[in-house]
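Student: Have a look at the structure that comes next, please.
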Amino acid sequence: MKRKIVITGTGIITALGTGQKANRTKIFAGTSAVREITAFNAKEYRGKLGGEAREFVSAELNNISSRRLDRASHLLIQAAREALAEADIIDTIKDRPILLSLGTTLGGMLSGGMFHKEVLAKGLERARLSLLTDYMAHCQAINLLREFKLHGDFRMFSNACASGTNAVGHAFRSLRSGEYDVALCGGYDTMSEFTFAGFNSLMAVTPNLCRPFDKNRDGLVLGEGAGILVLEELEHAENRGALIIGEIKGYGESSDGYHMTSPDPDGRGAAAAITRALEDAGQQSVDYINAHGTGTPLNDAMESRAIALAFGQEAAAIPVSSIKPLIGHLLGAAGAVEAVVSLFAIKDQMLPPNINFETPDADCELNIVTGSHIKCDVGTVLSNSFGFGGANASIILGKYR
Amino acid sequence: MRKFIITGAAIVSPIGTGTEDIWNAIQRGVCGIRRPTKVAFKADLLCGEIRDFDLGDYISDKRFRRAAPISKFALSSVALALGEAAGSDDNENAALVMAITHGVLGYTQVFHKELLEDGPDAVSPIYFSDSVLNAPAGNTSICFGIRGPVLTILGGPEAAVKSMMTACRIIADGSIEKAIVVSAEELNELSLSCYRRQGFSQLSEGAGAIVIERQGAVAQSTPYCYIAGMASECNPFDPDAALENSLNLCLYRAGLRVSDIDLVMADPKASSDQLLKGVPTATIRHLTGNAFAVSVLWEVVLSAMAIKKGTVPQNVIRSGGVPSERVNNVLLCTSDRLGSAAALILSKHE
């Protein structure tokens with residue numbers, strides 16, 4: 001019999017704020033934190049908006065120095081601090097190995113960018129090597145272990161925008177197979193001009209509002225943040241009297257094998273990930289779909305086809321929404337943050353709205369959640385993540401009964 | 001325990017490409033560490049640079065001719081490894097796990113330089129899409145029609161073993177019968193300069209790939225070996241403990257003792273001397289240079305070949321001499337100062 005894997009803690013940082021409290025109310029109210037970008041001069045770009053975590057400056061650090069830490073480490077550590085505190089698990093895992101499973105697309109790219117700027121200004125030999133201390137992504141994982149005095153093992157996934165879901169899915173599978181009893185998992189990414197310029201060059205950034213699944217959608221807005229979950233094997237959680245927030249029921253992953261930046265328009269690869277997650281969970285449907293929903297014409301049409309392929313006739317009835325117009329596309333953090341928001345939906349029995357949706361699109365025949373504070377009996381949620389390279393990942397979260 | 005068999009392997013390295021060519025190059029003592037030619041460097045510097053490489057020798061698909069060198073190395077190594085595995089060409093139900101340490105350095109640098117010097121309108125979207133960390137894996141999955149899980153795992157040298165562990169986990173989950181594990185790196189002036197300034201020399205580039213199949217699904221009549229055990233650990237407070245625990249867990253999972261190990265393939269910094277005392281040790285890095293996770297995968301391929309052939313070339317031995325008995329069990333281990341360690345045992349497939 002498969003081991004049950006439950007969630008006992010979550011942490012979240014987005015443009016809406018730091019922590020569950022700051023995010024939860026605003027998400028259900030449909031409050032957008034997308035504003036003009038301040039991290040760099042965005043005036044020359046097609047789009048000028050982003051979901052920056054402006055209120056977040058640095059993480060509370062007790063065991064490592066903040067000197068030379070990339071903003072990525074700060075976001076990651078602060079979100080982990082909230083998740084660990086909610087799970088009240090630090091004393092339990094101090095002396096036993098845990099799995100840390102993380103996703104990111106950029107790692108310490110801000111530090112790398114600063115180093116390269118110095119190279120261009122001063123030459124190769126004079127740029128400060130100290131800027132690279134926290135450049136590589138696995139350094140952020142090790143920073144987290146050091147800050148919380150943990151050990152065990154880590155996996156660092158970089159699968160573009162599917163990274164966060166891949167990381168949670170890997171942790172889920174590792175716990176279910178018995179390799180570990182406890183995992184800390186999720187994703188993080190920062191707002192970087194490098195990435196913004198890249199998406200801008202692909203004409204993927206909207207000059208207007210991000211409006212997933214709307215007929216007039218014309219692109220995404222980028223964001224930054226982190227989402228972290230504490231996963232535990234059920235018996236382990238029960239034995240220590242942990243408060244169980246929810247359960248991970250199934251996970252599926254696949255690849256399009258189609259194109260580096262465009263999804264397979266048939267949605268076959270994405271549908272395979274959804275179907276595998278449903279089979280893994282042993283169920284045929286869900287109560288709500290937290291869509292990848294980037295707001296780009298190609299992604300949303302593809303995702304709609306994938307949902308139709310996976311759920312058949314029932315697809316039109318399942319409530320679907322994307323939270324990206326509220327906080328931006330968090331890239332490697334997206335799947336993890338959206339998993340945390342899916343748990344909000346399960347706990348509060350409420351659906352996050354897909355704001356800015358005005359005109360239905362025949363290519364996206366879904367039951368889009370448009371209003372705020374919509375009450376719903378949410379027992380299970382499917383959260384989708386799709387990324388460059390044709391990376392597809394889907395996870396099913398459920399109410400723990 | 002379910003057996004995972006290595007049925008195909010390939011190396012793209014500064015001393016050659018393929019498997020038999022590499023074996024012969026090692027036997028001849030070919031060293032690929034030379035002065036770089038692709039980047040202008042005033043300082044006296046040696047590295048393991050791949051020269052005279054043409055993707056067209058391995059892949060006829062023209063879509064990837066402008067891909068970054070790291071993607072080209074990955075593509076060619078996977079083409080060769082799949083060719084050796086001799087299974088079906090249909091990769092619809094295959095998985096790909098890629099280990100990366102630095103990723104696409106050249107295109108990232110070009111894109112960022114264009115952005116800083118010429119502004120957003122001057123940048124090329126191709127440099128961007130090919131500079132993301134999963135671009136080599138994405139290109140490889142597109143080229144070979146791989147539609148199972150395709151994952152990129154970041155890390156130091158241990159990322160290669162972690163990628164193999166992840167690939168075997170995916171196979172064990174039941175829906176996938178074949179997984180390709182690949183690792184690739186490319187050199188550029190930034191990496192060469194940074195590592196030289198830190199006192200680290202002989203950086204290298206290239207790719208390694210293996211094909212892992214579930215026992216019972218193997219079409220290859222003479223596979224290399226099977227994966228007997230794997231383990232990894234990270235302990236930033238006690239790197240030695242991380243290595244020792246990885247080794248002990250790996251041996252336990254393989255059902256072997258240290259005395260059963262015929263050869264240890266280890267990076268020179270892995271402080272495993274106490275536990276593995278008396279076992280001959282080998283490495284390929286003095287011939288190829290160090291390409292982090294790629295080097296570990298090169299050594300996985302070399303170990304697999306040693307098991308298949310029953311012996312190991314003298315030129316890779318660094319202590320203990322060439323094993324006098326047939327090589328049946330090879331232990332690979334790696335560790336770094338950040339506390340990450342991993343171990344792997346490959347054994348003869350009967």
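Following the order of the structure tokens, first chain is A, next is B, and so on, with residues numbered from 1 inside each chain and ligands from 1 in the order they appear.
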Report as a Markdown table: every residue of chain B with an atom at most 7 Å from chain A, its closest pair of atoms, and their distance in Å to one decimal, counting only C-alpha atoms, with rows sorted by chain and ascending residue number.

Tutor:
| residue | atom | partner | partner_atom | distance |
| --- | --- | --- | --- | --- |
| B:His112 | CA | A:Phe194 | CA | 6.5 |
| B:Pro120 | CA | A:Ala197 | CA | 6.0 |
| B:Val123 | CA | A:Ser201 | CA | 6.8 |
| B:Ser124 | CA | A:Ser201 | CA | 6.8 |
| B:Pro125 | CA | A:Ser201 | CA | 5.2 |
| B:Phe128 | CA | A:Gly198 | CA | 5.3 |
| B:Ser129 | CA | A:Thr261 | CA | 6.8 |
| B:Leu133 | CA | A:Ser158 | CA | 6.3 |
| B:Asn134 | CA | A:Asn159 | CA | 5.5 |
| B:Ala135 | CA | A:Gly389 | CA | 6.3 |
| B:Gly138 | CA | A:Gly389 | CA | 4.1 |
| B:Asn139 | CA | A:Met260 | CA | 6.7 |
| B:Ser141 | CA | A:Gly257 | CA | 5.0 |
| B:Ile142 | CA | A:Gly257 | CA | 4.0 |
| B:Gly145 | CA | A:Gly257 | CA | 5.0 |
| B:Ile146 | CA | A:Gly257 | CA | 5.6 |
| B:Arg147 | CA | A:Ser255 | CA | 4.5 |
| B:Gly148 | CA | A:Ser254 | CA | 4.6 |
| B:Pro149 | CA | A:Ser254 | CA | 4.3 |
| B:Val150 | CA | A:Ser255 | CA | 6.0 |
| B:Leu151 | CA | A:Asn159 | CA | 6.1 |
| B:Thr152 | CA | A:Ser158 | CA | 5.4 |
| B:Ile153 | CA | A:Phe157 | CA | 4.8 |
| B:Leu154 | CA | A:Met156 | CA | 5.3 |
| B:Gly155 | CA | A:His138 | CA | 5.3 |
| B:Ser193 | CA | A:Leu124 | CA | 6.8 |
| B:Cys194 | CA | A:Leu129 | CA | 7.0 |
| B:Ser232 | CA | A:Asp153 | CA | 6.7 |
| B:Glu233 | CA | A:Asp153 | CA | 4.6 |
| B:Cys234 | CA | A:Asp153 | CA | 4.7 |
| B:Asn235 | CA | A:His151 | CA | 4.9 |
| B:Pro236 | CA | A:Arg146 | CA | 6.5 |

Student: For Gly208 in chain B, list every protein, DNA or RNA residue within 7 Å, evaluated using only C-alpha atoms, and leave out those in the same chain fewer than 3 positions away; present the list as a list in words.

Tutor: Ala10, Ile11, Val12, Ser77, Val182, Ser183, Ala184, Val294, Leu297 and Trp298 of chain B

Student: Using DSSP secondary structure from the backbone, list all alpha helix (DSSP H) positions within range 247-296 of chain A, as a count of residues only.

Tutor: 14

Student: Could you give me, as a ChimeraX atom specification, the residues within 7 Å of Ala315 in chain A, counting only C-alpha atoms and dropping anything in the same chain fewer than 6 positions from it?

Tutor: /A:307-308,366

Student: Near Ala266 in chain B, within 12 Å and counting only C-alpha atoms, which residues show up once chain neighbours fewer than 2 positions away are dropped, as a ChimeraX atom specification?

Tutor: /B:157-158,243,247,263-264,268-273,276,279-285,295-300,302-303,316-319,330-336,341-345

Student: If you run DSSP on this backbone, which residues of range 101-325 of chain B come out as strand (DSSP E), and could you give them as a ChimeraX atom specification?

Tutor: /B:150-154,178-185,203-204,206-214,225-234,263-266,281-282,317-319

Student: I want to know what sits within 6 Å of Leu231 in chain A, based on only C-alpha atoms, with residues of the same chain fewer than 4 positions away left out; could you give that as a PDB file with C-alpha atoms, in the first residue's frame?

Tutor:
ATOM      1  CA  VAL A   6       0.591  15.150   3.906  1.00  0.00           C
ATOM      2  CA  ILE A   7       1.446  18.830   4.089  1.00  0.00           C
ATOM      3  CA  VAL A 182      10.149  14.621   5.887  1.00  0.00           C
ATOM      4  CA  ALA A 183      10.824  16.927   2.967  1.00  0.00           C
TER       5      ALA A 183
END

Student: Report, in Å with one decimal, the straight-line distance from CA of Gly30 in chain A to CA of Thr370 in chain A.

Tutor: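 Going from CA of Gly30 in chain A over to CA of Thr370 in chain A, I get 9.1 Å.
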
Student: Can you tell me, as a list in words, what residues are no more than 8 Å from Pro136 in chain B when counting only C-alpha atoms, ignoring any on the same chain fewer than 6 positions away?

Tutor: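 Counting only C-alpha atoms, the residues come to Ile70, Ser71, Lys72, Ala74, Leu75 and Asp130 of chain B.
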
Student: Compare B:Ser76, B:Thr19, B:Asn93, B:Thr108 by their minimum atom-to-atom distance to Ala179 in chain B, counting only C-alpha atoms, and give me the closest one.

Tutor: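 Counting only C-alpha atoms, the residue closest to Ala179 in chain B is B:Asn93.
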
Student: Determine the nearest neighbour of Leu144 in chain A from the options A:Gly223, A:Glu247, A:Asn62, A:Gly123, counting only C-alpha atoms.

Tutor: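 Once distances to Leu144 in chain A are computed over only C-alpha atoms, the minimum belongs to A:Asn62.
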
Student: Do you have the CA of Ile15 in chain B-CA of Gly32 in chain B distance handy?

Tutor: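 Going from CA of Ile15 in chain B over to CA of Gly32 in chain B covers 4.9 Å.
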
Student: Could you tell me which of B:Ile307, B:Leu287, B:Ala94, B:Val312 comes closest to Ile33 in chain B if we count only C-alpha atoms?

Tutor: B:Leu287

Student: I'd like to know which of A:Asp181, A:Glu224, A:Asp88, A:Glu238 is closest to His74 in chain A, using only C-alpha atoms.

Tutor: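 Nearest to His74 in chain A: A:Glu224.
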
Student: For Ser32 in chain A, list every protein, DNA or RNA residue within 8 Å, evaluated using only C-alpha atoms, and leave out those in the same chain fewer than 5 positions away; present the list as a PyMOL selection string.

Tutor: chain A and resi 16+26-27+325-327
